[in-house]
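Listing of protein16.txt, compact mmCIF, C-alpha atoms
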# COMPACT_ATOMS: atom_id res chain seq x y z
CA MET A 1 -15.79 -39.60 -246.87
CA THR A 2 -12.61 -37.55 -246.44
CA GLU A 3 -9.92 -37.29 -249.11
CA ILE A 4 -6.58 -37.82 -247.35
CA ARG A 5 -3.76 -35.85 -248.96
CA SER A 6 -1.88 -34.56 -245.93
CA ILE A 7 -1.56 -36.03 -242.45
CA LEU A 8 0.09 -35.43 -239.13
CA LEU A 9 1.73 -38.71 -238.12
CA VAL A 10 2.21 -38.78 -234.33
CA THR A 11 4.47 -41.35 -232.72
CA ASN A 12 5.73 -42.31 -229.28
CA PRO A 13 9.12 -44.05 -229.01
CA LEU A 14 7.89 -45.91 -225.91
CA SER A 15 4.70 -47.34 -227.47
CA GLY A 16 4.72 -51.12 -227.36
CA HIS A 17 8.26 -51.08 -225.93
CA GLY A 18 9.64 -49.79 -229.23
CA LYS A 19 7.07 -51.36 -231.54
CA GLY A 20 5.52 -47.95 -232.08
CA VAL A 21 8.69 -46.59 -233.69
CA GLN A 22 8.91 -49.44 -236.19
CA VAL A 23 5.21 -49.15 -236.99
CA ALA A 24 5.57 -45.39 -237.48
CA ILE A 25 8.50 -45.80 -239.87
CA SER A 26 6.60 -48.34 -241.93
CA ALA A 27 3.46 -46.20 -241.91
CA ALA A 28 5.35 -43.05 -242.95
CA ASN A 29 6.90 -44.90 -245.89
CA LEU A 30 3.54 -46.34 -246.96
CA PHE A 31 1.77 -42.97 -246.80
CA THR A 32 4.58 -41.30 -248.75
CA GLU A 33 4.55 -44.02 -251.42
CA ARG A 34 0.85 -43.37 -251.88
CA GLY A 35 1.44 -39.65 -252.46
CA VAL A 36 0.38 -38.37 -249.04
CA GLN A 37 2.22 -35.45 -247.47
CA VAL A 38 3.43 -36.59 -244.04
CA THR A 39 4.36 -34.28 -241.19
CA GLU A 40 5.85 -36.35 -238.39
CA ILE A 41 5.47 -35.38 -234.74
CA ARG A 42 7.48 -37.09 -232.03
CA GLY A 43 7.52 -35.14 -228.79
CA ASP A 44 9.90 -35.48 -225.88
CA SER A 45 6.99 -35.97 -223.46
CA ALA A 46 3.22 -36.19 -223.44
CA ALA A 47 2.93 -32.46 -222.86
CA ASP A 48 5.39 -31.71 -225.65
CA THR A 49 3.58 -34.03 -228.04
CA GLU A 50 0.23 -32.41 -227.26
CA ASP A 51 1.70 -28.95 -227.78
CA ARG A 52 3.27 -29.92 -231.11
CA VAL A 53 0.01 -31.43 -232.37
CA ARG A 54 -1.92 -28.34 -231.31
CA LYS A 55 0.50 -26.01 -233.10
CA ALA A 56 0.60 -28.13 -236.25
CA LEU A 57 -3.19 -28.20 -236.47
CA ALA A 58 -3.23 -24.41 -236.27
CA ASP A 59 -0.57 -24.04 -238.98
CA PRO A 60 -2.23 -23.20 -242.34
CA ALA A 61 0.91 -24.30 -244.18
CA ILE A 62 0.32 -27.89 -243.05
CA HIS A 63 -3.48 -28.17 -243.41
CA ALA A 64 -3.73 -31.77 -242.23
CA ASP A 65 -6.67 -33.84 -243.49
CA ALA A 66 -6.20 -36.25 -240.58
CA VAL A 67 -4.12 -36.83 -237.49
CA VAL A 68 -2.79 -40.39 -237.39
CA ALA A 69 -1.56 -41.88 -234.11
CA ALA A 70 0.96 -44.65 -234.73
CA GLY A 71 1.10 -46.26 -231.30
CA GLY A 72 -1.27 -47.35 -228.56
CA ASP A 73 -4.11 -46.02 -226.45
CA GLY A 74 -1.80 -43.84 -224.35
CA LEU A 75 -0.55 -41.98 -227.41
CA THR A 76 -4.10 -41.63 -228.71
CA CYS A 77 -5.11 -40.10 -225.39
CA VAL A 78 -2.35 -37.49 -225.69
CA VAL A 79 -3.45 -36.66 -229.25
CA LEU A 80 -7.09 -36.29 -228.18
CA GLN A 81 -6.24 -33.44 -225.83
CA ALA A 82 -5.22 -31.33 -228.85
CA LEU A 83 -7.49 -32.82 -231.51
CA VAL A 84 -10.99 -32.69 -230.01
CA GLY A 85 -13.00 -29.77 -231.33
CA THR A 86 -10.88 -29.13 -234.41
CA GLY A 87 -13.05 -31.11 -236.82
CA VAL A 88 -10.03 -33.08 -238.06
CA PRO A 89 -10.55 -36.87 -238.00
CA LEU A 90 -8.34 -39.30 -236.13
CA GLY A 91 -6.63 -42.23 -237.82
CA LEU A 92 -5.00 -45.12 -235.98
CA VAL A 93 -2.09 -47.38 -236.90
CA PRO A 94 -1.87 -49.79 -233.95
CA GLY A 95 1.59 -50.03 -232.41
CA GLY A 96 1.04 -50.11 -228.67
CA THR A 97 0.61 -52.72 -225.98
CA GLY A 98 -3.18 -52.64 -225.75
CA ASN A 99 -4.65 -51.02 -228.89
CA ASP A 100 -8.12 -51.27 -227.35
CA LEU A 101 -9.68 -48.31 -229.18
CA ALA A 102 -8.48 -49.68 -232.52
CA ARG A 103 -9.91 -53.08 -231.68
CA GLU A 104 -13.22 -51.57 -230.57
CA VAL A 105 -13.81 -49.78 -233.88
CA GLY A 106 -12.47 -52.56 -236.11
CA ILE A 107 -9.07 -51.22 -237.14
CA PRO A 108 -6.76 -54.12 -238.05
CA ASP A 109 -3.54 -54.79 -236.16
CA ASP A 110 -1.60 -54.76 -239.41
CA THR A 111 0.27 -51.69 -240.56
CA VAL A 112 -0.45 -52.01 -244.29
CA ALA A 113 -4.15 -52.68 -243.70
CA ALA A 114 -4.42 -49.84 -241.17
CA VAL A 115 -2.77 -47.36 -243.56
CA ASP A 116 -5.07 -48.45 -246.38
CA LEU A 117 -8.04 -47.92 -244.07
CA VAL A 118 -6.95 -44.37 -243.28
CA LEU A 119 -6.56 -43.58 -246.98
CA ARG A 120 -10.08 -44.81 -247.78
CA GLY A 121 -11.32 -41.82 -245.77
CA ASN A 122 -14.32 -43.64 -244.30
CA SER A 123 -15.24 -42.30 -240.89
CA ARG A 124 -17.70 -42.70 -238.04
CA THR A 125 -18.52 -40.55 -235.06
CA ILE A 126 -17.92 -41.93 -231.57
CA ASP A 127 -18.32 -40.73 -228.02
CA LEU A 128 -15.51 -39.76 -225.70
CA GLY A 129 -15.45 -39.16 -221.99
CA THR A 130 -13.88 -36.49 -219.83
CA VAL A 131 -12.53 -36.90 -216.32
CA GLN A 132 -11.95 -33.87 -214.12
CA ALA A 133 -10.03 -34.65 -210.94
CA GLU A 134 -10.55 -32.13 -208.16
CA ALA A 135 -6.96 -30.88 -208.22
CA ALA A 136 -6.59 -30.94 -212.04
CA MET A 137 -6.38 -27.72 -214.02
CA ARG A 138 -8.63 -28.97 -216.83
CA PRO A 139 -10.72 -31.99 -217.86
CA MET A 140 -8.89 -34.87 -219.53
CA TRP A 141 -10.39 -36.55 -222.60
CA PHE A 142 -10.39 -40.35 -222.76
CA ALA A 143 -11.53 -42.83 -225.41
CA THR A 144 -11.44 -46.22 -223.68
CA VAL A 145 -11.54 -46.65 -219.89
CA THR A 146 -10.68 -44.61 -216.82
CA GLY A 147 -9.72 -46.86 -213.96
CA THR A 148 -9.70 -45.89 -210.29
CA GLY A 149 -8.45 -47.50 -207.11
CA LEU A 150 -6.59 -50.80 -207.45
CA ASP A 151 -7.29 -50.67 -211.16
CA ALA A 152 -5.34 -47.42 -211.56
CA ARG A 153 -2.55 -48.48 -209.22
CA VAL A 154 -2.05 -51.61 -211.33
CA THR A 155 -1.92 -49.55 -214.53
CA LEU A 156 0.56 -47.08 -213.07
CA ARG A 157 2.79 -49.94 -211.90
CA ALA A 158 2.47 -51.76 -215.24
CA ASN A 159 3.51 -48.61 -217.10
CA GLU A 160 6.79 -48.66 -215.21
CA MET A 161 7.49 -52.36 -215.88
CA ARG A 162 9.66 -53.51 -218.75
CA TRP A 163 8.84 -57.21 -218.31
CA PRO A 164 6.74 -59.11 -219.15
CA LYS A 165 5.41 -57.60 -222.35
CA GLY A 166 1.80 -57.53 -223.51
CA PRO A 167 -1.34 -58.01 -221.40
CA LEU A 168 0.46 -60.37 -218.99
CA ARG A 169 2.25 -57.31 -217.65
CA TYR A 170 -1.03 -56.11 -216.12
CA THR A 171 -1.60 -59.45 -214.41
CA VAL A 172 1.87 -59.38 -212.86
CA ALA A 173 1.37 -55.77 -211.75
CA ALA A 174 -1.98 -56.72 -210.21
CA LEU A 175 -0.45 -59.56 -208.23
CA LEU A 176 2.20 -57.19 -206.88
CA GLU A 177 -0.49 -54.68 -205.86
CA LEU A 178 -2.54 -57.34 -204.07
CA VAL A 179 -0.23 -57.27 -201.07
CA GLY A 180 -1.55 -53.83 -200.15
CA LYS A 181 -4.92 -52.64 -198.92
CA LEU A 182 -7.74 -53.55 -201.26
CA ALA A 183 -11.20 -52.10 -200.57
CA VAL A 184 -11.77 -48.45 -199.65
CA PRO A 185 -15.05 -46.56 -199.11
CA TYR A 186 -16.43 -45.20 -202.40
CA ARG A 187 -19.20 -42.69 -202.98
CA ILE A 188 -20.73 -42.97 -206.46
CA GLU A 189 -23.17 -40.32 -207.66
CA LEU A 190 -25.07 -41.05 -210.88
CA HIS A 191 -26.71 -38.49 -213.17
CA GLY A 192 -28.52 -39.12 -216.44
CA SER A 193 -28.75 -42.85 -215.82
CA PRO A 194 -31.42 -44.80 -217.73
CA ASP A 195 -31.58 -47.31 -214.88
CA HIS A 196 -31.55 -45.08 -211.78
CA PRO A 197 -33.20 -41.81 -210.75
CA ASP A 198 -31.11 -38.71 -211.37
CA GLY A 199 -28.79 -38.05 -208.47
CA THR A 200 -28.67 -41.63 -207.19
CA VAL A 201 -25.91 -42.06 -204.61
CA ILE A 202 -24.26 -45.42 -203.91
CA GLU A 203 -21.93 -45.77 -200.96
CA GLN A 204 -19.97 -48.98 -200.57
CA ASP A 205 -16.51 -50.37 -200.02
CA ALA A 206 -14.91 -51.19 -203.35
CA ILE A 207 -11.59 -52.46 -204.59
CA MET A 208 -11.86 -50.52 -207.82
CA VAL A 209 -14.32 -48.68 -210.04
CA ALA A 210 -13.75 -48.58 -213.80
CA VAL A 211 -15.52 -46.07 -216.06
CA GLY A 212 -15.77 -47.34 -219.62
CA ASN A 213 -16.47 -45.70 -222.94
CA THR A 214 -15.30 -48.93 -224.59
CA ARG A 215 -15.63 -52.51 -223.41
CA THR A 216 -11.96 -53.31 -222.92
CA TYR A 217 -8.65 -51.92 -221.77
CA GLY A 218 -5.14 -53.21 -221.13
CA GLY A 219 -5.06 -55.29 -224.30
CA GLY A 220 -8.51 -56.87 -224.31
CA MET A 221 -9.49 -57.09 -220.64
CA LEU A 222 -13.30 -57.02 -220.64
CA ILE A 223 -13.96 -54.56 -217.81
CA ALA A 224 -17.13 -52.89 -219.20
CA PRO A 225 -18.71 -55.74 -221.17
CA ASP A 226 -21.89 -53.89 -222.15
CA ALA A 227 -20.36 -50.54 -223.10
CA VAL A 228 -21.35 -49.06 -226.45
CA ILE A 229 -19.05 -46.45 -227.93
CA ASP A 230 -21.78 -44.24 -229.37
CA ASP A 231 -24.69 -44.48 -226.90
CA GLY A 232 -24.01 -41.23 -225.01
CA LEU A 233 -23.35 -43.07 -221.74
CA LEU A 234 -20.43 -44.25 -219.64
CA ASP A 235 -20.46 -47.76 -218.17
CA LEU A 236 -19.25 -48.31 -214.62
CA THR A 237 -17.99 -51.59 -213.26
CA VAL A 238 -17.76 -51.59 -209.47
CA VAL A 239 -15.68 -54.39 -207.98
CA GLY A 240 -16.79 -54.43 -204.38
CA ALA A 241 -15.04 -55.80 -201.33
CA MET A 242 -14.22 -59.49 -201.62
CA PRO A 243 -11.69 -61.92 -200.17
CA ARG A 244 -8.22 -61.60 -201.67
CA ARG A 245 -8.41 -65.19 -202.90
CA ASP A 246 -11.54 -64.38 -204.93
CA LEU A 247 -9.84 -61.44 -206.57
CA VAL A 248 -6.84 -63.61 -207.45
CA ARG A 249 -9.20 -66.02 -209.19
CA LEU A 250 -10.81 -63.22 -211.17
CA LEU A 251 -7.59 -61.77 -212.56
CA PRO A 252 -6.77 -64.54 -215.08
CA ALA A 253 -10.33 -64.43 -216.41
CA LEU A 254 -10.20 -60.65 -216.78
CA SER A 255 -6.84 -60.85 -218.53
CA ALA A 256 -8.25 -63.46 -220.90
CA GLY A 257 -11.05 -61.11 -221.93
CA LYS A 258 -13.82 -62.87 -220.03
CA ARG A 259 -16.72 -61.18 -218.28
CA ILE A 260 -16.26 -60.74 -214.54
CA GLU A 261 -18.70 -63.03 -212.74
CA HIS A 262 -18.85 -62.35 -208.99
CA PRO A 263 -21.65 -61.22 -206.65
CA ALA A 264 -19.49 -58.27 -205.56
CA SER A 265 -19.23 -56.94 -209.12
CA THR A 266 -21.99 -54.58 -210.30
CA GLN A 267 -22.54 -52.42 -213.38
CA TYR A 268 -24.16 -49.02 -213.83
CA ARG A 269 -24.64 -46.58 -216.71
CA ALA A 270 -24.75 -42.81 -216.53
CA ALA A 271 -24.16 -39.69 -218.61
CA ARG A 272 -22.40 -38.00 -215.71
CA LEU A 273 -20.99 -39.34 -212.45
CA ILE A 274 -18.88 -38.31 -209.51
CA LEU A 275 -16.53 -40.72 -207.76
CA THR A 276 -15.09 -40.07 -204.32
CA ALA A 277 -12.69 -42.34 -202.44
CA PRO A 278 -9.68 -41.77 -200.18
CA ASP A 279 -6.19 -42.07 -201.70
CA ALA A 280 -7.57 -43.45 -204.96
CA PRO A 281 -5.69 -42.57 -208.16
CA ALA A 282 -7.29 -42.48 -211.61
CA THR A 283 -5.82 -43.39 -214.99
CA ALA A 284 -7.46 -42.47 -218.31
CA ASP A 285 -6.53 -44.62 -221.33
CA GLY A 286 -3.62 -45.79 -219.19
CA ASP A 287 -2.30 -42.30 -218.44
CA PRO A 288 -2.34 -40.58 -215.01
CA ALA A 289 -5.50 -38.52 -214.51
CA GLY A 290 -5.11 -37.36 -210.92
CA MET A 291 -6.73 -38.44 -207.68
CA LEU A 292 -10.36 -38.83 -206.66
CA PRO A 293 -12.73 -37.11 -206.19
CA ALA A 294 -13.37 -36.70 -209.90
CA THR A 295 -16.27 -35.93 -212.23
CA PHE A 296 -16.81 -38.03 -215.35
CA ILE A 297 -18.96 -36.88 -218.28
CA ALA A 298 -19.94 -38.72 -221.47
CA ARG A 299 -19.35 -36.54 -224.53
CA PRO A 300 -21.62 -37.84 -227.35
CA GLY A 301 -20.24 -37.62 -230.87
CA ALA A 302 -17.06 -35.88 -229.73
CA LEU A 303 -14.71 -37.56 -232.21
CA GLU A 304 -14.65 -38.44 -235.89
CA ILE A 305 -12.47 -41.50 -236.41
CA LEU A 306 -11.32 -43.13 -239.64
CA ALA A 307 -12.68 -46.65 -239.33
CA PRO A 308 -14.63 -49.28 -241.30
Rendering of file as C-alpha cells:
Amino acid sequence: MTEIRSILLVTNPLSGHGKGVQVAISAANLFTERGVQVTEIRGDSAADTEDRVRKALADPAIHADAVVAAGGDGLTCVVLQALVGTGVPLGLVPGGTGNDLAREVGIPDDTVAAVDLVLRGNSRTIDLGTVQAEAAMRPMWFATVTGTGLDARVTLRANEMRWPKGPLRYTVAALLELVGKLAVPYRIELHGSPDHPDGTVIEQDAIMVAVGNTRTYGGGMLIAPDAVIDDGLLDLTVVGAMPRRDLVRLLPALSAGKRIEHPASTQYRAARLILTAPDAPATADGDPAGMLPATFIARPGALEILAP
C-alpha cells in the first residue's frame, strides 16, 4: 500500500471531447481538499506532455507518490512512455471516450470514487506491451490494444471525427473505411506461444490483426475476449478475408461488446510476435504507432497501477 501525499495530475484538453478537462478540475479540487499536493501537467501535445511528465518525475522538489492520468486511454499511453521504469504507480480518473484500461482493472467511471481509490493506495502489478515499428526510433508502450490494418485506419479516422461521440464514433468510422480495400497479405510470426511451436509463421490475407493486452478497446469493443492483463502474453485476433457484407454484420456486435463469431476470425497468444503487411498502419491505445512491419513484446509486470 502506498501513502499518497503528492501527485502529478496529467490532463488532456481533448480527452472525451472536453470531458477530460472537467474531470481534471474536479479531481484536482478533490485531491487538494484531502490534503494532497497536486502538480498539474497539461502539455501542448503528446510529446510535450511526455516531456513534462519525465522532467517532473526527475524533480526532487516534487517527489510524486503517484502519477494520475485524468482522461482516457490515449492520455494514459502518453504518460506510460515517461512513467515505465520509474517505480511510481499510475492512478486513473476516467475522462476519455473509451476508458478501457480503467474498466479492465475495475476503476469506477465516477470522479469522486476514482479519486478515493487513488488515495487508498492499493495497487496491483499488470503487464504492458511494446510495439516497435520498423521506421520508429524507439518502442512504444501500450496498455490495452494495438490495432493494425483496417482496425488502425478506423481508429485514426475516428480520432479526427467530432461527431458522433462515444463508441458509436468507431462504428461510423468503420463504415466509412469499408469503401476501401479490405484484406491484405499478412505474415504473422509467433514466439513464446503456449499453443504453437516457437517461430510459427502464419501467412494469410487479413482485414485486420489486433494485439491485445486487455480484452477491449474503443469503449468496450471485445476484440481480444480471452486476454488476461497479467499472464505475460499478448492475445492476437486475426480477422481474415471475408465478404464485405459479413464484416458489416460483425461491426454492430463488436461495438456492443460481443465476441466476434465468424469462421474467418482466429485467436493466438504469444510473448513476442512480428507482423508484416503492406501499407498497414498501427495504433497503440488509440495513438499512431507507425507502419508495419512491427515487433510486439509482452512486458510482464511492467506497471504498478492503483486499483482495487
Next item on the list: Between A:Asp226, A:Asp205, A:Asp100, A:Asp231, single out the one closest to Pro300 (chain A), counting all atoms listed in the file.
Entry: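 The shortest atom-to-atom distance to Pro300 (chain A) comes from A:Asp231.
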Note to self: Could you check the closest approach to Ala227 (chain A) for each of A:Thr283, A:Ala298, A:Gly96, A:Ala136 and tell me which residue wins, using all atoms listed in the file?
What the structure shows: A:Ala298
Next item on the list: Excluding Val93 (chain A) and any residue of its chain fewer than 2 positions from it, enumerate the residues within 8 Å of it, using only C-alpha atoms, and give them as a list of chain:residue names.
Entry: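 Contacts, with the query itself left out: A:Val23, A:Ala24, A:Ala27, A:Val68, A:Ala69, A:Ala70, A:Gly71, A:Gly91, A:Gly95, A:Ile107, A:Asp109, A:Asp110, A:Thr111, A:Ala114, A:Val115.
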Next item on the list: Name the residues in contact with Asn159 (chain A) at a cut-off of 12 Å, using all atoms listed in the file, excluding same-chain residues fewer than 2 positions from it; report them as JSON, numbers by chain.
Entry: {"A": [14, 15, 16, 17, 74, 96, 97, 98, 152, 153, 154, 155, 156, 157, 161, 162, 163, 164, 165, 166, 167, 169, 170, 172, 173, 174, 218, 283, 285, 286, 287, 288]}
Dump C-alpha atoms for the selected residues as a PDB file, keeping the file's coordinate frame?
ATOM      1  CA  LEU A  14       7.890 -45.910-225.910  1.00  0.00           C
ATOM      2  CA  SER A  15       4.700 -47.340-227.470  1.00  0.00           C
ATOM      3  CA  GLY A  16       4.720 -51.120-227.360  1.00  0.00           C
ATOM      4  CA  HIS A  17       8.260 -51.080-225.930  1.00  0.00           C
ATOM      5  CA  GLY A  74      -1.800 -43.840-224.350  1.00  0.00           C
ATOM      6  CA  GLY A  96       1.040 -50.110-228.670  1.00  0.00           C
ATOM      7  CA  THR A  97       0.610 -52.720-225.980  1.00  0.00           C
ATOM      8  CA  GLY A  98      -3.180 -52.640-225.750  1.00  0.00           C
ATOM      9  CA  ALA A 152      -5.340 -47.420-211.560  1.00  0.00           C
ATOM     10  CA  ARG A 153      -2.550 -48.480-209.220  1.00  0.00           C
ATOM     11  CA  VAL A 154      -2.050 -51.610-211.330  1.00  0.00           C
ATOM     12  CA  THR A 155      -1.920 -49.550-214.530  1.00  0.00           C
ATOM     13  CA  LEU A 156       0.560 -47.080-213.070  1.00  0.00           C
ATOM     14  CA  ARG A 157       2.790 -49.940-211.900  1.00  0.00           C
ATOM     15  CA  MET A 161       7.490 -52.360-215.880  1.00  0.00           C
ATOM     16  CA  ARG A 162       9.660 -53.510-218.750  1.00  0.00           C
ATOM     17  CA  TRP A 163       8.840 -57.210-218.310  1.00  0.00           C
ATOM     18  CA  PRO A 164       6.740 -59.110-219.150  1.00  0.00           C
ATOM     19  CA  LYS A 165       5.410 -57.600-222.350  1.00  0.00           C
ATOM     20  CA  GLY A 166       1.800 -57.530-223.510  1.00  0.00           C
ATOM     21  CA  PRO A 167      -1.340 -58.010-221.400  1.00  0.00           C
ATOM     22  CA  ARG A 169       2.250 -57.310-217.650  1.00  0.00           C
ATOM     23  CA  TYR A 170      -1.030 -56.110-216.120  1.00  0.00           C
ATOM     24  CA  VAL A 172       1.870 -59.380-212.860  1.00  0.00           C
ATOM     25  CA  ALA A 173       1.370 -55.770-211.750  1.00  0.00           C
ATOM     26  CA  ALA A 174      -1.980 -56.720-210.210  1.00  0.00           C
ATOM     27  CA  GLY A 218      -5.140 -53.210-221.130  1.00  0.00           C
ATOM     28  CA  THR A 283      -5.820 -43.390-214.990  1.00  0.00           C
ATOM     29  CA  ASP A 285      -6.530 -44.620-221.330  1.00  0.00           C
ATOM     30  CA  GLY A 286      -3.620 -45.790-219.190  1.00  0.00           C
ATOM     31  CA  ASP A 287      -2.300 -42.300-218.440  1.00  0.00           C
ATOM     32  CA  PRO A 288      -2.340 -40.580-215.010  1.00  0.00           C
TER      33      PRO A 288
END
Item checked: Nearest-residue call for Thr237 (chain A), choices A:Val209, A:Ile305, A:Val105, A:Ala264, using only C-alpha atoms ->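 Closest candidate: A:Val209.
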Next item on the list: Find the distance between CA of Val88 (chain A) and CA of Val67 (chain A) and write it in Å to one decimal.
Entry: 7.0 Å
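Here CA of Leu30 (chain A) stands at a distance of 8.9 Å from CA of Asp116 (chain A).
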Next item on the list: Could you give me, as a ChimeraX atom specification, the residues within 10 Å of region 184-191 of chain A, counting all atoms listed in the file and dropping anything in the same chain fewer than 6 positions from it?
Entry: /A:149-150,197-209,236,238,240-241,268-280,292-293,295-297
Checklist line | Nearest to Val228 (chain A) by atom-to-atom distance, counting only C-alpha atoms, from A:Thr144, A:Ser193, A:Thr266, A:Thr130 | finding: A:Thr144
Notebook entry, point to check: Any idea what the distance is between CA of Pro60 (chain A) and CA of Ser123 (chain A)?
Noted result: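 These two atoms are separated by 23.2 Å.
Ranking A:Leu182, A:Met1, A:Ile223, A:Val38 by their shortest atom-to-atom distance to Arg244 (chain A), with only C-alpha atoms included, puts A:Leu182 first.
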Note to self: Restricting the calculation to only C-alpha atoms: of A:Asp151, A:Leu90, A:Leu8, A:Asp44, which residue gets closest to Ala28 (chain A)?
What the structure shows: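 That would be A:Leu8, the residue with the smallest distance to Ala28 (chain A).
Omitting Ala61 (chain A) and its sequence neighbours fewer than 5 positions away, and counting all atoms listed in the file, the residues within 12 Å are Ser6, Gln37, Thr39, Lys55 and Ala56 of chain A.
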Next item on the list: Considering all atoms listed in the file, return as a list of chain:residue names whatever protein or nucleic-acid residues lie within 12 Å of Arg138 (chain A), sequence-local ones (same chain, fewer than 3 positions apart) excluded.
Entry: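 Surrounding residues, per the criterion: A:Gln81, A:Thr130, A:Val131, A:Gln132, A:Ala133, A:Glu134, A:Ala135, A:Trp141, A:Ala289, A:Gly290, A:Ala294, A:Thr295.
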